[in-house]
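Notes follow once the structure below has been shown.
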Amino acid sequence: MLIDLSNVLSEPHKSLDEMVPCTLEVFKVKFGTYPVLSKDDVHITVEYIKDRQIEIHGSCKLTIEIPCDRCLDAVPTEFNLDFIKKVMVSDSGEEMVESDELDESNYIDGYTLDVDKLICNEVLIGWPTKILCSEDCKGICNVCGQNLNQGTCNCEDTSLDPRMSVIRDVFKNFKEV
Ligand SMILES: [Zn+2]
Ligand SMILES: [Zn+2]
């Protein structure tokens, strides 16, 4: 979704306040592609401050499917975005430099604001460092790949309960008799 900023950037610098649809279907970044399960409309306000500086305020709620770090099960993860960006626009309206941060404002091209790109940036900033389907997720067996939340497997487990080895010894002795 693109928003025309020319009314904000030219006299008399009309402020903009709009609800626009978020058209993001997948969230695609260097480290993977994640389906967007649901998204609300984006509330965007843009105000002219002074000297070609504008302030963008945006809020949006979306849910993205991210695999669990341990078992790889899909975990619907909610992002509650609410952000403010201060951006400096050159006279030509072509080059934009963000005053507070050094990251490129890839979401503005000329007088056009690309809402989806802006949202993508914010999702990336808010990306969780750890995703777990539940706090006590057992993960997957690193031998056979069995999801240990759904069942057990027969792989040799080196961390066996010591009480179990006693029982095994009893069986061994029984066989030898
Ligand atoms: Zn898990
Ligand atoms: Zn296994």
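If you're wondering about the labels, chains in the structure tokens are A, B, ... by order shown, residues count from 1 in each chain, ligands from 1 in order shown.
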
Exercise. All residues within 6 Å of ligand 1 are required, counting only C-alpha atoms and all ligand atoms; please report them as number ranges by chain.
Key: A: 68, 70-71, 73, 132-133, 137, 139

Practice problem: Would you list the residues that come within 6 Å of ligand 2? Count only C-alpha atoms and all ligand atoms and give the answer as a PyMOL selection string. | Solution: chain A and resi 141+143-146+153-155

Practice problem: Would you list, as a PyMOL selection string, the residues of range 10-149 of chain A that end up in helix (DSSP H, G or I) under DSSP run on this structure's backbone? | Solution: chain A and resi 115-125

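Counting only C-alpha atoms and comparing A:Thr45, A:Thr63, A:Thr152, A:Ser134, the residue that lies closest to Asp17 in chain A is A:Thr45.
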
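Nearest-residue note for Gly32 in chain A: choosing from A:Leu124, A:Lys14, A:Leu9, A:Lys86, the minimum distance belongs to A:Leu124, counting only C-alpha atoms.
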
Self-check item: Selection near Phe31 in chain A, 12 Å with only C-alpha atoms, sequence-local residues under 3 positions removed, as number ranges by chain
Solution: A: 27-28, 34, 66, 124, 127

Practice problem: Name all residues at most 7 Å from Cys60 in chain A (count only C-alpha atoms; drop same-chain ones fewer than 3 positions away) and give them as a PyMOL selection string. | Solution: chain A and resi 40-43+80-82

Print the selection's residues with all heavy atoms to a file, as a PDB file, in the first residue's frame.
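This went into out.pdb:
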```pdb
ATOM      1  N   ASP A  40      -4.224  -6.324  10.885  1.00  0.00           N
ATOM      2  CA  ASP A  40      -5.208  -5.254  10.962  1.00  0.00           C
ATOM      3  C   ASP A  40      -4.809  -4.163   9.979  1.00  0.00           C
ATOM      4  O   ASP A  40      -3.692  -4.146   9.479  1.00  0.00           O
ATOM      5  CB  ASP A  40      -5.226  -4.651  12.373  1.00  0.00           C
ATOM      6  CG  ASP A  40      -5.832  -5.623  13.379  1.00  0.00           C
ATOM      7  OD1 ASP A  40      -6.323  -6.686  12.954  1.00  0.00           O
ATOM      8  OD2 ASP A  40      -5.795  -5.303  14.580  1.00  0.00           O
ATOM      9  N   ASP A  41      -5.748  -3.241   9.748  1.00  0.00           N
ATOM     10  CA  ASP A  41      -5.386  -2.064   8.956  1.00  0.00           C
ATOM     11  C   ASP A  41      -4.325  -1.269   9.717  1.00  0.00           C
ATOM     12  O   ASP A  41      -4.228  -1.342  10.932  1.00  0.00           O
ATOM     13  CB  ASP A  41      -6.616  -1.187   8.720  1.00  0.00           C
ATOM     14  CG  ASP A  41      -7.543  -1.815   7.687  1.00  0.00           C
ATOM     15  OD1 ASP A  41      -7.139  -2.828   7.069  1.00  0.00           O
ATOM     16  OD2 ASP A  41      -8.663  -1.318   7.513  1.00  0.00           O
ATOM     17  N   VAL A  42      -3.549  -0.523   8.961  1.00  0.00           N
ATOM     18  CA  VAL A  42      -2.480   0.273   9.568  1.00  0.00           C
ATOM     19  C   VAL A  42      -2.988   1.695   9.784  1.00  0.00           C
ATOM     20  O   VAL A  42      -3.554   2.294   8.873  1.00  0.00           O
ATOM     21  CB  VAL A  42      -1.243   0.328   8.635  1.00  0.00           C
ATOM     22  CG1 VAL A  42      -0.062   0.950   9.360  1.00  0.00           C
ATOM     23  CG2 VAL A  42      -0.899  -1.057   8.118  1.00  0.00           C
ATOM     24  N   HIS A  43      -2.809   2.199  10.987  1.00  0.00           N
ATOM     25  CA  HIS A  43      -3.151   3.598  11.246  1.00  0.00           C
ATOM     26  C   HIS A  43      -1.882   4.420  11.063  1.00  0.00           C
ATOM     27  O   HIS A  43      -0.899   4.216  11.763  1.00  0.00           O
ATOM     28  CB  HIS A  43      -3.715   3.762  12.661  1.00  0.00           C
ATOM     29  CG  HIS A  43      -4.216   5.144  12.936  1.00  0.00           C
ATOM     30  ND1 HIS A  43      -4.443   5.622  14.198  1.00  0.00           N
ATOM     31  CD2 HIS A  43      -4.519   6.160  12.083  1.00  0.00           C
ATOM     32  CE1 HIS A  43      -4.868   6.874  14.127  1.00  0.00           C
ATOM     33  NE2 HIS A  43      -4.925   7.231  12.852  1.00  0.00           N
ATOM     34  N   ASN A  80       2.541  -6.270  18.008  1.00  0.00           N
ATOM     35  CA  ASN A  80       1.762  -5.055  18.257  1.00  0.00           C
ATOM     36  C   ASN A  80       2.654  -3.868  17.963  1.00  0.00           C
ATOM     37  O   ASN A  80       3.409  -3.420  18.813  1.00  0.00           O
ATOM     38  CB  ASN A  80       1.312  -5.004  19.717  1.00  0.00           C
ATOM     39  CG  ASN A  80      -0.068  -5.580  19.889  1.00  0.00           C
ATOM     40  OD1 ASN A  80      -1.000  -5.207  19.165  1.00  0.00           O
ATOM     41  ND2 ASN A  80      -0.199  -6.498  20.813  1.00  0.00           N
ATOM     42  N   LEU A  81       2.567  -3.371  16.743  1.00  0.00           N
ATOM     43  CA  LEU A  81       3.481  -2.305  16.347  1.00  0.00           C
ATOM     44  C   LEU A  81       2.894  -0.945  16.697  1.00  0.00           C
ATOM     45  O   LEU A  81       1.700  -0.712  16.528  1.00  0.00           O
ATOM     46  CB  LEU A  81       3.759  -2.378  14.843  1.00  0.00           C
ATOM     47  CG  LEU A  81       4.272  -3.712  14.302  1.00  0.00           C
ATOM     48  CD1 LEU A  81       4.448  -3.617  12.801  1.00  0.00           C
ATOM     49  CD2 LEU A  81       5.584  -4.099  14.963  1.00  0.00           C
ATOM     50  N   ASP A  82       3.745  -0.082  17.183  1.00  0.00           N
ATOM     51  CA  ASP A  82       3.361   1.294  17.482  1.00  0.00           C
ATOM     52  C   ASP A  82       4.666   2.089  17.460  1.00  0.00           C
ATOM     53  O   ASP A  82       5.499   1.932  18.335  1.00  0.00           O
ATOM     54  CB  ASP A  82       2.699   1.363  18.861  1.00  0.00           C
ATOM     55  CG  ASP A  82       1.962   2.681  19.065  1.00  0.00           C
ATOM     56  OD1 ASP A  82       2.072   3.566  18.190  1.00  0.00           O
ATOM     57  OD2 ASP A  82       1.287   2.827  20.097  1.00  0.00           O
TER      58      ASP A  82
END
```

Practice problem: State, in Å with one decimal place, the distance from CA of Val29 in chain A to CA of Glu47 in chain A. | Solution: 29.6 Å

Quiz prompt | DSSP-assigned strand (DSSP E) among range 36-150 of chain A, expressed as number ranges by chain | solution = A: 36-39, 42-48, 53-67, 74-89, 96-98, 108-109, 112-114
